[in-house]
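Quick notes on the structure that follows.
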Protein chains: 2
Amino acid sequence: MKSLHKVSHGAQIFLRIFALVASAISAWLMLTAEEKAIVYGMAMSAKYSYSPAFKFAAFANVVASAFALLSLCLTFIVIRKGNPSNYFFLFMHDLVIMSVVLGGCAAATAIGYVGKYGNSEAGWLPICDHFTSFCNRVTSSVILSYASTVSFLFLTVISALNSRQFRLSNS
Amino acid sequence: MKSLHKVSHGAQIFLRIFALVASAISAWLMLTAEEKAIVYGMAMSAKYSYSPAFKFAAFANVVASAFALLSLCLTFIVIRKGNPSNYFFLFMHDLVIMSVVLGGCAAATAIGYVGKYGNSEAGWLPICDHFTSFCNRVTSSVILSYASTVSFLFLTVISALNSRQFRLSNS
């Protein structure tokens with residue numbers, strides 16, 4: 001049972017560090033995404049702040065990286081104490097952060113898709129032909145954000161399992 | 001402790017029925033959203049299937065309502081058996097379905113926002129001035145989908161709590 005706990009603790013610490021790094025890089029890529037181009041003779045620019053979906057995705061990743069760091073510190077305390085109630089607190093944290101980052105990912109994907117392929121029925125033209133660097137940066141940001149979401153999803157399951165397993169081992 | 005379990009069971013059954021109804025109506029509203037209009041002298045139409053985000057939101061709600069019904073039946077079996085492992089199975093179910101519906105909501109909100117307010121920087125014009133009925137229908141669908149997401153979020157927490165509480169009361 002002890003080796004199982006060690007694997008669970010190791011996985012938790014690894015996933016929190018991974019989510020922290022993925023979300024931090026994702027937020028940085030999104031917040032610094034900017035490109036100027038001449039489109040049909042007009043000077044135009046693309047910036048993450050032009051889209052509420054991209055702003056929300058960046059905000060979600062900033063929050064996620066901050067809370068991943070905070071929860072990493074808390075994890076060490078929770079592991080030392082081994083109280084199932086603390087694991088339940090971590091579970092609630094992971095569930096909420098996962099939901100926020102997932103919402104940001106989905107919204108940014110939807111807008112990114114229109115940016116790349118347009119929507120002919122609505123008359124929305126694709127912009128990625130003119131803003132290739134901007135689009136690549138946003139795509140990388142969204143991919144990293146999905147990686148962070150998956151980490152928080154696993155963390156949610158691990159925290160829920162831990163709040164049971166520790167009870168089982170203590171009882 | 002028994003009365004607490006009764007409240008938990010009642011809340012679970014209510015939330016599953018609520019999620020089932022909300023998701024089913026949301027999917028129906030989205031799948032039947034269609035409007036024809038004359039825009040600048042041209043015959044145009046708006047349909048949910050023109051947007052991958054709306055298609056995904058409709059699909060997510062169909063899946064959610066089907067699984068809400070299935071999990072409602074399973075809940076009665078799980079309540080009778082009272083095995084915490086079964087509650088963990090319900091927890092995994094609720095977590096996955098919540099994530100899928102939330103993804104659909106966020107994507108549909110992002111596209112709906114562009115449909116209503118446009119995006120002047122990208123040159124995407126709003127379409128809701130011409131397709132009022134379509135936009136109202138999609139808005140109602142998305143609101144109901146958020147209601148279903150919140151239900152599944154509560155269900156995820158209740159299932160996780162139950163898988164602990166039943167252990168605590170049995171130990």
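All residue names refer to the structure tokens as shown: chains lettered A, B, ... in order, residues numbered from 1 in each chain, ligands numbered from 1 in order.
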
task = Please report, as a ChimeraX atom specification, each residue of range 24-144 of chain A to which DSSP assigns alpha helix (DSSP H) when run on this structure's backbone.
result = /A:24-31,52-81,84-117,132-144

Please, which residues in chain A fall within 8 Å of chain B when counting only C-alpha atoms, and what is the closest atom pair and distance in Å to one decimal for each, ordered by chain then residue number, as JSON lines?
{"residue": "A:Ser45", "atom": "CA", "partner": "B:Glu121", "partner_atom": "CA", "distance": 7.8}
{"residue": "A:Ala46", "atom": "CA", "partner": "B:Glu121", "partner_atom": "CA", "distance": 7.5}
{"residue": "A:Tyr50", "atom": "CA", "partner": "B:Glu121", "partner_atom": "CA", "distance": 6.6}
{"residue": "A:Ser51", "atom": "CA", "partner": "B:Asn119", "partner_atom": "CA", "distance": 7.4}
{"residue": "A:Pro52", "atom": "CA", "partner": "B:Ala110", "partner_atom": "CA", "distance": 7.9}
{"residue": "A:Ala53", "atom": "CA", "partner": "B:Ala110", "partner_atom": "CA", "distance": 6.0}
{"residue": "A:Met92", "atom": "CA", "partner": "B:Val157", "partner_atom": "CA", "distance": 7.7}
{"residue": "A:Ser99", "atom": "CA", "partner": "B:Ser99", "partner_atom": "CA", "distance": 7.1}
{"residue": "A:Leu102", "atom": "CA", "partner": "B:Gly103", "partner_atom": "CA", "distance": 6.5}
{"residue": "A:Gly103", "atom": "CA", "partner": "B:Ala106", "partner_atom": "CA", "distance": 5.3}
{"residue": "A:Gly104", "atom": "CA", "partner": "B:Ala106", "partner_atom": "CA", "distance": 7.3}
{"residue": "A:Ala106", "atom": "CA", "partner": "B:Ala107", "partner_atom": "CA", "distance": 5.0}
{"residue": "A:Ala107", "atom": "CA", "partner": "B:Ala107", "partner_atom": "CA", "distance": 4.4}
{"residue": "A:Ala108", "atom": "CA", "partner": "B:Ala107", "partner_atom": "CA", "distance": 7.7}
{"residue": "A:Thr109", "atom": "CA", "partner": "B:Ala107", "partner_atom": "CA", "distance": 7.3}
{"residue": "A:Ala110", "atom": "CA", "partner": "B:Ala107", "partner_atom": "CA", "distance": 5.2}
{"residue": "A:Ile111", "atom": "CA", "partner": "B:Ala110", "partner_atom": "CA", "distance": 6.6}
{"residue": "A:Asn119", "atom": "CA", "partner": "B:Ser51", "partner_atom": "CA", "distance": 7.4}
{"residue": "A:Glu121", "atom": "CA", "partner": "B:Tyr50", "partner_atom": "CA", "distance": 6.6}
{"residue": "A:Ala122", "atom": "CA", "partner": "B:Ile127", "partner_atom": "CA", "distance": 6.9}
{"residue": "A:Gly123", "atom": "CA", "partner": "B:Trp124", "partner_atom": "CA", "distance": 7.2}
{"residue": "A:Trp124", "atom": "CA", "partner": "B:Trp124", "partner_atom": "CA", "distance": 4.9}
{"residue": "A:Leu125", "atom": "CA", "partner": "B:Trp124", "partner_atom": "CA", "distance": 7.2}
{"residue": "A:Ile127", "atom": "CA", "partner": "B:Ala122", "partner_atom": "CA", "distance": 7.0}
{"residue": "A:Val157", "atom": "CA", "partner": "B:Met92", "partner_atom": "CA", "distance": 7.7}
{"residue": "A:Ala160", "atom": "CA", "partner": "B:Ala160", "partner_atom": "CA", "distance": 6.3}
{"residue": "A:Ser163", "atom": "CA", "partner": "B:Arg164", "partner_atom": "CA", "distance": 7.0}
{"residue": "A:Arg164", "atom": "CA", "partner": "B:Arg164", "partner_atom": "CA", "distance": 5.5}
{"residue": "A:Arg167", "atom": "CA", "partner": "B:Arg167", "partner_atom": "CA", "distance": 7.6}
{"residue": "A:Leu168", "atom": "CA", "partner": "B:Arg167", "partner_atom": "CA", "distance": 7.7}
{"residue": "A:Ser171", "atom": "CA", "partner": "B:Ser171", "partner_atom": "CA", "distance": 6.2}

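Atom pair CA of Asp129 in chain B / CA of Leu29 in chain B: separated by 19.5 Å.
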
request  = Among the residues of range 38-137 of chain A, find those DSSP assigns to strand (DSSP E or B) from the backbone and print them as a VMD selection string.
outcome  = chain A and resid 38 to 39 42 to 47 119 124

Only N, CA and C atoms, please: the residues just picked out, written as a CSV table (one decimal), in the first residue's frame.
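Result file follows (result.csv):
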chain,number,residue,atom,x,y,z
A,38,ILE,N,0.1,43.9,-43.9
A,38,ILE,CA,-0.6,44.7,-44.9
A,38,ILE,C,-1.6,43.8,-45.6
A,39,VAL,N,-2.9,44.1,-45.4
A,39,VAL,CA,-4.0,43.3,-46.0
A,39,VAL,C,-4.8,44.2,-46.9
A,42,MET,N,-4.1,47.7,-46.7
A,42,MET,CA,-4.3,48.4,-45.4
A,42,MET,C,-3.4,47.8,-44.3
A,43,ALA,N,-2.9,48.7,-43.4
A,43,ALA,CA,-2.1,48.2,-42.3
A,43,ALA,C,-3.1,47.6,-41.3
A,44,MET,N,-2.9,46.3,-41.0
A,44,MET,CA,-3.8,45.7,-39.9
A,44,MET,C,-2.9,45.0,-38.9
A,45,SER,N,-3.5,44.7,-37.8
A,45,SER,CA,-2.8,44.0,-36.8
A,45,SER,C,-3.7,42.9,-36.1
A,46,ALA,N,-3.0,41.9,-35.6
A,46,ALA,CA,-3.7,40.8,-34.9
A,46,ALA,C,-3.1,40.8,-33.5
A,47,LYS,N,-4.0,40.7,-32.5
A,47,LYS,CA,-3.6,40.7,-31.1
A,47,LYS,C,-4.5,39.8,-30.3
A,119,ASN,N,-15.9,31.2,-41.9
A,119,ASN,CA,-17.2,30.6,-41.9
A,119,ASN,C,-18.0,31.2,-43.1
A,124,TRP,N,-17.7,35.2,-42.6
A,124,TRP,CA,-16.5,35.5,-41.8
A,124,TRP,C,-15.3,34.9,-42.5

ask   = Hey, what's within 12 Å of Leu155 in chain B if we count only C-alpha atoms and toss same-chain stuff fewer than 2 positions away? As a PyMOL selection string, please?
value = chain B and resi 8-19+68+71-72+75+87-88+90-98+148-153+157-162

Save out the residues we just selected, N, CA and C atoms, as a compact mmCIF listing (two decimals), in the first residue's frame.
# COMPACT_ATOMS: atom_id res chain seq x y z
N SER B 8 -28.74 13.34 0.16
CA SER B 8 -27.78 13.15 -0.93
C SER B 8 -28.41 12.38 -2.09
N HIS B 9 -29.17 11.32 -1.78
CA HIS B 9 -29.83 10.53 -2.83
C HIS B 9 -30.87 11.38 -3.56
N GLY B 10 -31.65 12.13 -2.77
CA GLY B 10 -32.70 12.99 -3.35
C GLY B 10 -32.08 14.04 -4.27
N ALA B 11 -31.00 14.67 -3.79
CA ALA B 11 -30.33 15.71 -4.59
C ALA B 11 -29.79 15.11 -5.88
N GLN B 12 -29.22 13.90 -5.76
CA GLN B 12 -28.65 13.23 -6.93
C GLN B 12 -29.70 12.94 -7.98
N ILE B 13 -30.82 12.39 -7.52
CA ILE B 13 -31.90 12.04 -8.47
C ILE B 13 -32.46 13.31 -9.11
N PHE B 14 -32.68 14.34 -8.28
CA PHE B 14 -33.20 15.61 -8.82
C PHE B 14 -32.24 16.19 -9.85
N LEU B 15 -30.94 16.24 -9.52
CA LEU B 15 -29.95 16.83 -10.43
C LEU B 15 -29.83 16.06 -11.74
N ARG B 16 -29.93 14.72 -11.66
CA ARG B 16 -29.84 13.91 -12.88
C ARG B 16 -31.06 14.15 -13.79
N ILE B 17 -32.23 14.25 -13.18
CA ILE B 17 -33.44 14.53 -13.98
C ILE B 17 -33.34 15.93 -14.58
N PHE B 18 -32.88 16.89 -13.75
CA PHE B 18 -32.73 18.28 -14.23
C PHE B 18 -31.74 18.34 -15.40
N ALA B 19 -30.57 17.67 -15.25
CA ALA B 19 -29.55 17.66 -16.32
C ALA B 19 -30.10 17.01 -17.58
N ALA B 68 -27.34 10.98 -18.84
CA ALA B 68 -28.06 11.38 -17.62
C ALA B 68 -29.17 10.36 -17.34
N SER B 71 -27.46 7.09 -16.25
CA SER B 71 -26.92 7.20 -14.89
C SER B 71 -28.03 7.30 -13.85
N LEU B 72 -29.21 7.80 -14.27
CA LEU B 72 -30.36 7.86 -13.36
C LEU B 72 -30.78 6.43 -12.97
N THR B 75 -28.12 4.97 -10.76
CA THR B 75 -28.13 5.55 -9.41
C THR B 75 -28.99 4.73 -8.46
N TYR B 87 -19.99 4.29 -6.46
CA TYR B 87 -20.07 5.75 -6.46
C TYR B 87 -18.87 6.35 -7.20
N PHE B 88 -17.74 5.67 -7.11
CA PHE B 88 -16.56 6.16 -7.83
C PHE B 88 -16.77 6.05 -9.33
N LEU B 90 -19.69 6.29 -10.78
CA LEU B 90 -20.61 7.41 -11.09
C LEU B 90 -19.84 8.74 -11.14
N PHE B 91 -18.87 8.89 -10.22
CA PHE B 91 -18.05 10.09 -10.19
C PHE B 91 -17.29 10.27 -11.51
N MET B 92 -16.68 9.18 -12.01
CA MET B 92 -15.92 9.25 -13.28
C MET B 92 -16.87 9.63 -14.42
N HIS B 93 -18.05 9.01 -14.41
CA HIS B 93 -19.06 9.30 -15.43
C HIS B 93 -19.43 10.78 -15.42
N ASP B 94 -19.75 11.31 -14.22
CA ASP B 94 -20.19 12.70 -14.11
C ASP B 94 -19.09 13.68 -14.52
N LEU B 95 -17.85 13.34 -14.14
CA LEU B 95 -16.71 14.20 -14.47
C LEU B 95 -16.51 14.30 -15.99
N VAL B 96 -16.58 13.15 -16.67
CA VAL B 96 -16.37 13.14 -18.12
C VAL B 96 -17.50 13.87 -18.84
N ILE B 97 -18.75 13.58 -18.44
CA ILE B 97 -19.89 14.22 -19.11
C ILE B 97 -19.88 15.73 -18.85
N MET B 98 -19.55 16.13 -17.62
CA MET B 98 -19.46 17.56 -17.30
C MET B 98 -18.43 18.24 -18.22
N SER B 148 -27.13 22.52 -17.39
CA SER B 148 -26.80 21.10 -17.35
C SER B 148 -25.36 20.90 -16.84
N THR B 149 -24.44 21.77 -17.29
CA THR B 149 -23.04 21.67 -16.85
C THR B 149 -22.94 21.82 -15.34
N VAL B 150 -23.67 22.83 -14.80
CA VAL B 150 -23.64 23.08 -13.35
C VAL B 150 -24.20 21.86 -12.59
N SER B 151 -25.26 21.26 -13.15
CA SER B 151 -25.84 20.06 -12.52
C SER B 151 -24.80 18.95 -12.46
N PHE B 152 -24.11 18.73 -13.59
CA PHE B 152 -23.10 17.67 -13.62
C PHE B 152 -21.92 17.99 -12.70
N LEU B 153 -21.62 19.30 -12.55
CA LEU B 153 -20.54 19.70 -11.64
C LEU B 153 -20.92 19.33 -10.21
N VAL B 157 -19.26 16.37 -7.58
CA VAL B 157 -18.88 16.59 -6.18
C VAL B 157 -19.64 15.63 -5.26
N ILE B 158 -20.96 15.49 -5.51
CA ILE B 158 -21.78 14.59 -4.67
C ILE B 158 -21.28 13.14 -4.77
N SER B 159 -21.00 12.70 -6.03
CA SER B 159 -20.52 11.32 -6.22
C SER B 159 -19.19 11.10 -5.52
N ALA B 160 -18.29 12.10 -5.61
CA ALA B 160 -16.98 11.99 -4.94
C ALA B 160 -17.18 11.96 -3.43
N LEU B 161 -18.07 12.82 -2.93
CA LEU B 161 -18.37 12.85 -1.50
C LEU B 161 -18.97 11.53 -1.05
N ASN B 162 -19.91 11.01 -1.83
CA ASN B 162 -20.57 9.74 -1.48
C ASN B 162 -19.58 8.60 -1.39

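Using only C-alpha atoms, the nearest neighbour of Glu34 in chain B within the list B:Ala22, B:His130, B:Tyr48, B:Cys73 is B:Tyr48.
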